[in-house]
Structure formats: structure tokens, C-alpha cells
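Visitor: If you scroll down you'll find the structure; I have some questions about it.
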Amino acid sequence: MLTFILRRLGVMALTMLCLTLVVFFLVNLEPNLKKLAISQLDMRSTQEDLEKWLQRNGYRQNFFVRYGQWLGVMQKQPNVDPETGEAVPRFSYCDEPARAYYGGILQGDFGCSTKFKVPVSEKLFPALGATGILMFWVMVVMVPVSLLIGVLAGMREGTRTDRSLSVASITTTATPEYVSGVIFTVVFASWLGWLNGSAATATSQGVSFYNFTLPVMTMAIYGIGYIARMTRASMVEVMTQQYIRTARLKGLAFNAVVVKHALRNALIAPFTVIMLQFPWLLTGVVIVEVMFRYQGFGFTLVEAAGNNDIDLLLGCSLVSVFVVLSTQLISDIGYAFLNPRIRVQ
């Protein structure tokens with residue numbers, strides 16, 4: 001197991017390196033750099049002014065040199081003002097030194113946000129914390145409800161209960177977040193009047209039951225149907241196994257057979273699916289957080305992309321890649337512990 005984990009960690013590091021290189025190349029294309037310079041100056045700036053700004057802030061250095069500096073494996077050289085010839089900091093509002101130094105991802109320096117005028121870490125990590133709270137409550141709602149629905153449907157294959165729960169699961173899975181979000185807003189905020197105007201729009205400060213209700217419901221409703229269907233299929237397969245029939249023939253009660261023999265084996269496949277919901281939640285929060293104005297990771301990612309905030313966009317991309325690869329590793333390890341045959345192999 002230790003060898004497997006070390007090998008997977010090496011693959012993760014290589015994958016992150018390749019993906020960040022691709023993202024770094026895309027966000028540093030010439031049109032994006034021009035838009036960034038315009039946003040920092042003004043629309044009436046001449047091409048010469050834009051070029052001077054890009055040179056002064058280090059965007060005209062060699063691509064691989066800039067990538068190495070962003071990673072922190074190469075030393076950042078002081079930027080030289082083309083007019084005065086003096087060393088100047090890249091962004092004064094982020095307190096970057098006007099000297100050569102090592103400062104990149106490996107040193108914990110994610111760069112400077114040109115949109116919010118603060119270091120990326122001061123914007124990114126609070127946003128991650130706010131999204132972490134949201135994702136925690138989504139999982140608290142989604143996982144128990146979906147497992148219960150899937151187990152009940154799988155225990156009674158072909159019955160009216162099974163058909164009803166399966167139809168409900170398919171319906172929720174087929175409904176995207178932006179549709180269910182609008183429906184919940186109309187039903188709860190407009191028709192029933194349960195949420196007032198301020199509570200219907202969630203923020204990362206002052207989290208309460210009311211401003212959390214709609215975002216959590218919107219994200220959980222889709223995942224509930226998907227996990228429930230996978231749990232039902234796994235439960236149906238387990239209930240037809242020979243050891244289940246043997247237990248029933250020995251006189252064990254149906255509920256005892258389900259709890260003691262079928263449930264653990266039936267939850268192996270859903271466990272993998274549940275762990276893989278975390279990458280999906282990262283994409284889901286983009287839609288939900290923008291819709292409900294929740295100041296979290298998804299909202300920050302949209303703001304960074306819309307304003308050509310290169311360093312912040314790179315930080316968000318790095319976090320996304322890390323979460324996806326980490327959850328896949330945890331899923332594989334958990335699957336091996338739940339299924340002894342995997343450990344033997």
C-alpha cells in the first residue's frame with residue numbers, strides 16, 4: 001500500500017506540473033496580456049504605454065523563465081523601469097520587494113491579484129474556507145439521503161417503492177444546478193415568501209440557516225439522484241449473490257441480512273462515487289455561488305477569469321487540480337480498504 005501511495009503521489013506531482021504548464025500558457029496568451037494591461041491602465045492607452053507596462057511588470061520575459069519563477073524554482077529578478085532604469089517592485093500594493101528573490105508556489109507565494117489589489121493567498125484561502133463550509137453541508141445533506149434512497153430501492157427491486165424512488169432520482173439527476181436554483185428561488189423566495197430579499201442572497205460572512213438553504217439544496221439535489229442510482233444498482237447486484245441466499249435459507253431475518261451482510265459490500269461502489277463528487281462540487285459551486293452571490297471559490301474563479309487576473313486564476317487552477325487528484329487518490333485507498341480482494345491484488 002505504501003508503495004502504491006508513493007507511486008500515485010509521483011504521478012500526481014507530474015500531472016499537476018503538466019496541467020499547470022498548460023494553464024500557464026493559456027492565461028498568458030497575448031490577447032489576455034493586452035486585456036490585463038488595459039484593465040490596469042485605461043482604454044485610451046497607446047500601444048506603447050501598454051507595452052511599457054507589460055515590460056515593467058515582467059510579462060515580456062521568457063515564457064519558461066516566468067513559469068519557473070511562478071513555481072519558485074527560479075529567482076525572480078527585479079523589474080527595471082524602462083524610463084528611469086531603476087529597480088521597481090512588480091506590484092507595489094502587494095509589498096513585493098524590488099530585488100532578486102525566490103518567491104513562488106513552492107515558497108507559498110501565489111502571486112498578486114491585479115483585480116483585488118492584494119496577495120492571491122489573502123483572497124484565495126478565505127474563499128476556499130467559505131466554499132469548504134458550503135461543500136461540507138452539501139455532503140451532510142446529500143450522502144445520507146442518497147444512500148438511504150438507494151438502499152431502500154435496491155432492497156425492494158421491482159416494487160412500487162423502487163420505481164417511485166428511481167423516477168425521482170433520474171429526475172433530479174437530469175436537472176442541472178442553474179435550473180434547480182431558479183426553481184427553488186421562485187418557490188421558496190417568491191411564492192412561499194419564506195426567505196426575504198437579504199436572506200435569499202448568500203454571502204461568506206454571517207452564514208445562517210436561511211442564506212444557506214437555497215445553495216445547499218441546489219447543489220445537493222443533483223448529487224442525491226446520482227449517488228442513489230449507483231447505490232441502488234450496487235444493492236440489487238449484492239442481493240442476488242449466493243451468500244445472501246444462503247443467509248436467507250438459514251432463517252436470518254431480511255433486515256438482518258441487509259444490515260450485516262449486504263450493506264457493506266453494496267457501499268463499495270457508492271464510496272468511489274461519493275469521493276468523486278468533490279471535483280464535481282468544484283464545478284457546481286461556480287454556478288451556484290454566482291447565482292446566489294456567495295463569496296466563495298467559484299465566485300472568485302469567475303471574477304479572476306472575467307478580469308484577466310492571471311495570478312489569481314493560476315491559483316484557482318492549481319487548487320482545482322490538487323482537489324481532483326487528491327480525491328481520486330483517497331477514493332482508490334478507501335476502495336482497497338473496503339474490498340480485501342483489491343488489497344490482495
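By convention here, the chains of the C-alpha cells are called A, B, ... in the order presented, each chain's residues are numbered starting at 1, and ligands are numbered starting at 1 in the order presented.
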From a backbone DSSP assignment, name each residue in stretch 80-314 of chain A labelled strand (DSSP E), as a PyMOL selection string.
Guide: chain A and resi 80+87-88+112-113+118-119
Visitor: Those same residues, written as a compact mmCIF listing (two decimals), in the first residue's frame with C-alpha atoms?
Guide:
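Heads up, here's the output in again_16.txt:
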```
# COMPACT_ATOMS: atom_id res chain seq x y z
CA VAL A 80 13.51 47.70 -14.31
CA ALA A 87 14.56 48.59 -9.99
CA VAL A 88 10.87 48.68 -9.10
CA CYS A 112 -0.56 39.20 -6.61
CA SER A 113 -4.19 39.76 -7.56
CA VAL A 118 -3.97 42.04 -2.55
CA PRO A 119 -1.75 38.92 -2.46
```
Visitor: Counting only C-alpha atoms, what is within 12 Å of A:Tyr101, bar same-chain residues fewer than 6 positions away, as a list in words?
Guide: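 Close residues of A:Tyr101: Gln69, Trp70, Gly72, Val73, Met74, Gln75, Lys76, Gln77, Pro78, Asn79, Pro89, Gln107 and Asp109 of chain A.
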Visitor: Would you pick out the contacts of A:Leu165 at 12 Å or less, using only C-alpha atoms, so that residues sharing its chain but fewer than 5 positions from it are not included, and give the list as a VMD selection string?
Guide: chain A and resid 145 to 160 170 to 172 224 to 226 228 to 229 231 to 232
Visitor: Quick one: residues within 10 Å of A:Met12, only C-alpha atoms counted, chain neighbours fewer than 3 positions away excluded, as a list of chain:residue names?
Guide: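 Contacts, in chain order: A:Leu6, A:Arg7, A:Arg8, A:Leu9, A:Thr15, A:Met16, A:Leu17, A:Cys18, A:Val321, A:Phe322, A:Val324, A:Leu325, A:Ser326, A:Gln328, A:Leu329.
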Visitor: Could you work out how far atom CA of A:Cys316 lies from atom CA of A:Gln295, giving the answer in Å with one decimal?
Guide: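 Computing the Euclidean distance for atom CA of A:Gln295 and atom CA of A:Cys316 yields 14.0 Å.
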Visitor: Taking 4 positions as the minimum chain separation for residues in the same chain, which residues sit within 10 Å of A:Val140 when counting only C-alpha atoms? Answer as an MDAnalysis selection string.
Guide: chainID A and resid 135:136 144:145 216 220
Visitor: Let's see if you can do this: from backbone DSSP, list all alpha helix (DSSP H) residues in stretch 27-269 of chain A, as number ranges by chain.
Guide: A: 27, 30-40, 47-56, 63-71, 120-155, 160-173, 177-184, 197-200, 209-239, 242-249, 254-257, 263-266, 268-269
Visitor: Deliver the residues from the most recent selection as a file, using C-alpha atoms, as a CSV table (one decimal), in the first residue's frame.
Guide:
```
chain,number,residue,atom,x,y,z
A,27,VAL,CA,-3.7,32.5,-19.5
A,30,GLU,CA,-1.0,37.8,-26.0
A,31,PRO,CA,-4.7,38.8,-26.0
A,32,ASN,CA,-5.0,38.2,-22.3
A,33,LEU,CA,-1.9,40.2,-21.6
A,34,LYS,CA,-3.2,43.1,-23.6
A,35,LYS,CA,-6.5,43.0,-21.7
A,36,LEU,CA,-4.7,42.9,-18.4
A,37,ALA,CA,-2.6,45.9,-19.3
A,38,ILE,CA,-5.7,47.8,-20.5
A,39,SER,CA,-7.5,47.0,-17.2
A,40,GLN,CA,-4.6,48.3,-15.2
A,47,GLN,CA,0.2,50.5,-27.7
A,48,GLU,CA,3.5,52.0,-26.4
A,49,ASP,CA,2.0,52.6,-22.9
A,50,LEU,CA,0.7,49.0,-22.8
A,51,GLU,CA,4.0,47.6,-23.9
A,52,LYS,CA,5.9,49.6,-21.3
A,53,TRP,CA,3.5,48.3,-18.6
A,54,LEU,CA,4.0,44.7,-19.6
A,55,GLN,CA,7.8,45.1,-19.7
A,56,ARG,CA,7.9,46.9,-16.4
A,63,PHE,CA,7.9,32.0,-21.0
A,64,PHE,CA,9.7,29.2,-19.3
A,65,VAL,CA,11.6,31.7,-17.1
A,66,ARG,CA,8.3,33.1,-15.9
A,67,TYR,CA,6.9,29.7,-15.3
A,68,GLY,CA,9.9,28.7,-13.2
A,69,GLN,CA,9.6,31.9,-11.3
A,70,TRP,CA,5.9,31.2,-10.7
A,71,LEU,CA,6.8,27.7,-9.4
A,120,VAL,CA,-3.5,35.9,-4.0
A,121,SER,CA,-3.4,34.0,-0.8
A,122,GLU,CA,-5.4,36.7,1.1
A,123,LYS,CA,-8.2,36.3,-1.4
A,124,LEU,CA,-8.0,32.6,-2.4
A,125,PHE,CA,-7.8,30.9,1.0
A,126,PRO,CA,-10.7,32.8,2.7
A,127,ALA,CA,-12.8,32.0,-0.5
A,128,LEU,CA,-11.8,28.3,-0.1
A,129,GLY,CA,-12.8,28.3,3.5
A,130,ALA,CA,-16.2,29.7,2.6
A,131,THR,CA,-16.7,27.1,-0.1
A,132,GLY,CA,-15.5,24.4,2.3
A,133,ILE,CA,-18.3,25.3,4.6
A,134,LEU,CA,-20.8,25.1,1.8
A,135,MET,CA,-19.5,21.8,0.5
A,136,PHE,CA,-19.5,20.3,4.0
A,137,TRP,CA,-23.2,20.9,4.4
A,138,VAL,CA,-23.9,19.8,0.9
A,139,MET,CA,-22.2,16.4,1.7
A,140,VAL,CA,-24.0,16.2,5.1
A,141,VAL,CA,-27.4,16.5,3.3
A,142,MET,CA,-26.5,14.6,0.1
A,143,VAL,CA,-24.7,11.5,1.3
A,144,PRO,CA,-27.2,10.1,4.0
A,145,VAL,CA,-30.3,10.9,1.9
A,146,SER,CA,-28.9,9.4,-1.3
A,147,LEU,CA,-27.6,6.2,0.5
A,148,LEU,CA,-31.0,5.8,2.2
A,149,ILE,CA,-32.9,6.2,-1.0
A,150,GLY,CA,-30.6,3.8,-2.9
A,151,VAL,CA,-30.6,1.1,-0.2
A,152,LEU,CA,-34.4,1.2,0.1
A,153,ALA,CA,-34.9,1.0,-3.7
A,154,GLY,CA,-32.3,-1.8,-4.0
A,155,MET,CA,-33.9,-3.9,-1.2
A,160,ARG,CA,-43.7,0.4,-6.5
A,161,THR,CA,-41.2,1.9,-3.9
A,162,ASP,CA,-38.3,1.1,-6.2
A,163,ARG,CA,-40.0,2.6,-9.3
A,164,SER,CA,-41.0,5.7,-7.5
A,165,LEU,CA,-37.6,6.4,-6.0
A,166,SER,CA,-35.8,5.6,-9.3
A,167,VAL,CA,-38.0,8.0,-11.2
A,168,ALA,CA,-37.3,10.7,-8.6
A,169,SER,CA,-33.6,10.0,-8.7
A,170,ILE,CA,-33.5,10.2,-12.5
A,171,THR,CA,-35.5,13.5,-12.5
A,172,THR,CA,-33.1,15.2,-10.0
A,173,THR,CA,-30.0,13.9,-11.9
A,177,GLU,CA,-27.9,23.4,-11.0
A,178,TYR,CA,-28.9,26.5,-12.8
A,179,VAL,CA,-32.4,25.2,-13.4
A,180,SER,CA,-33.0,23.8,-9.8
A,181,GLY,CA,-31.5,27.0,-8.4
A,182,VAL,CA,-34.1,29.1,-10.3
A,183,ILE,CA,-36.9,26.8,-9.3
A,184,PHE,CA,-36.0,26.9,-5.6
A,197,GLY,CA,-34.5,39.6,-0.1
A,198,SER,CA,-31.4,39.7,2.1
A,199,ALA,CA,-31.6,36.1,3.1
A,200,ALA,CA,-32.0,34.8,-0.5
A,209,PHE,CA,-29.7,28.7,8.1
A,210,TYR,CA,-31.6,31.0,5.7
A,211,ASN,CA,-28.9,32.1,3.4
A,212,PHE,CA,-27.5,28.6,3.3
A,213,THR,CA,-30.8,26.8,2.4
A,214,LEU,CA,-31.0,27.5,-1.3
A,215,PRO,CA,-27.3,27.0,-2.2
A,216,VAL,CA,-27.1,23.7,-0.3
A,217,MET,CA,-30.4,22.4,-1.7
A,218,THR,CA,-29.4,23.4,-5.3
A,219,MET,CA,-26.1,21.5,-5.1
A,220,ALA,CA,-27.4,18.5,-3.1
A,221,ILE,CA,-30.4,17.8,-5.3
A,222,TYR,CA,-28.3,16.8,-8.3
A,223,GLY,CA,-25.9,14.6,-6.4
A,224,ILE,CA,-28.6,12.8,-4.4
A,225,GLY,CA,-30.1,11.3,-7.6
A,226,TYR,CA,-26.8,10.2,-9.0
A,227,ILE,CA,-25.5,8.6,-5.8
A,228,ALA,CA,-28.9,7.0,-5.1
A,229,ARG,CA,-29.0,5.3,-8.5
A,230,MET,CA,-25.4,3.9,-8.1
A,231,THR,CA,-26.3,2.7,-4.6
A,232,ARG,CA,-29.5,1.0,-5.9
A,233,ALA,CA,-27.6,-0.8,-8.7
A,234,SER,CA,-24.9,-2.0,-6.3
A,235,MET,CA,-27.6,-3.1,-3.8
A,236,VAL,CA,-29.5,-5.0,-6.4
A,237,GLU,CA,-26.4,-6.8,-7.5
A,238,VAL,CA,-25.4,-7.8,-3.9
A,239,MET,CA,-28.9,-9.0,-3.1
A,242,GLN,CA,-25.1,-16.7,-3.3
A,243,TYR,CA,-24.1,-15.8,0.3
A,244,ILE,CA,-27.2,-13.6,0.6
A,245,ARG,CA,-29.4,-16.6,-0.4
A,246,THR,CA,-27.6,-18.8,2.0
A,247,ALA,CA,-28.2,-16.4,4.8
A,248,ARG,CA,-31.9,-16.2,4.0
A,249,LEU,CA,-32.1,-20.1,3.8
A,254,PHE,CA,-34.5,-9.9,5.9
A,255,ASN,CA,-33.4,-6.8,7.7
A,256,ALA,CA,-30.5,-8.6,9.5
A,257,VAL,CA,-29.3,-10.0,6.1
A,263,LEU,CA,-24.8,-3.3,3.2
A,264,ARG,CA,-21.0,-3.2,3.4
A,265,ASN,CA,-20.5,-4.8,0.1
A,266,ALA,CA,-23.1,-2.7,-1.5
A,268,ILE,CA,-18.1,-0.2,-2.1
A,269,ALA,CA,-19.1,1.3,-5.4
```
Visitor: How many Å separate atom CA of A:Phe91 from atom CA of A:Phe299?
Guide: 23.7 Å
Visitor: So how many Å separate atom CA of A:Val273 and atom CA of A:Ala174, to one decimal?
Guide: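 These atoms are spaced 17.0 Å apart.
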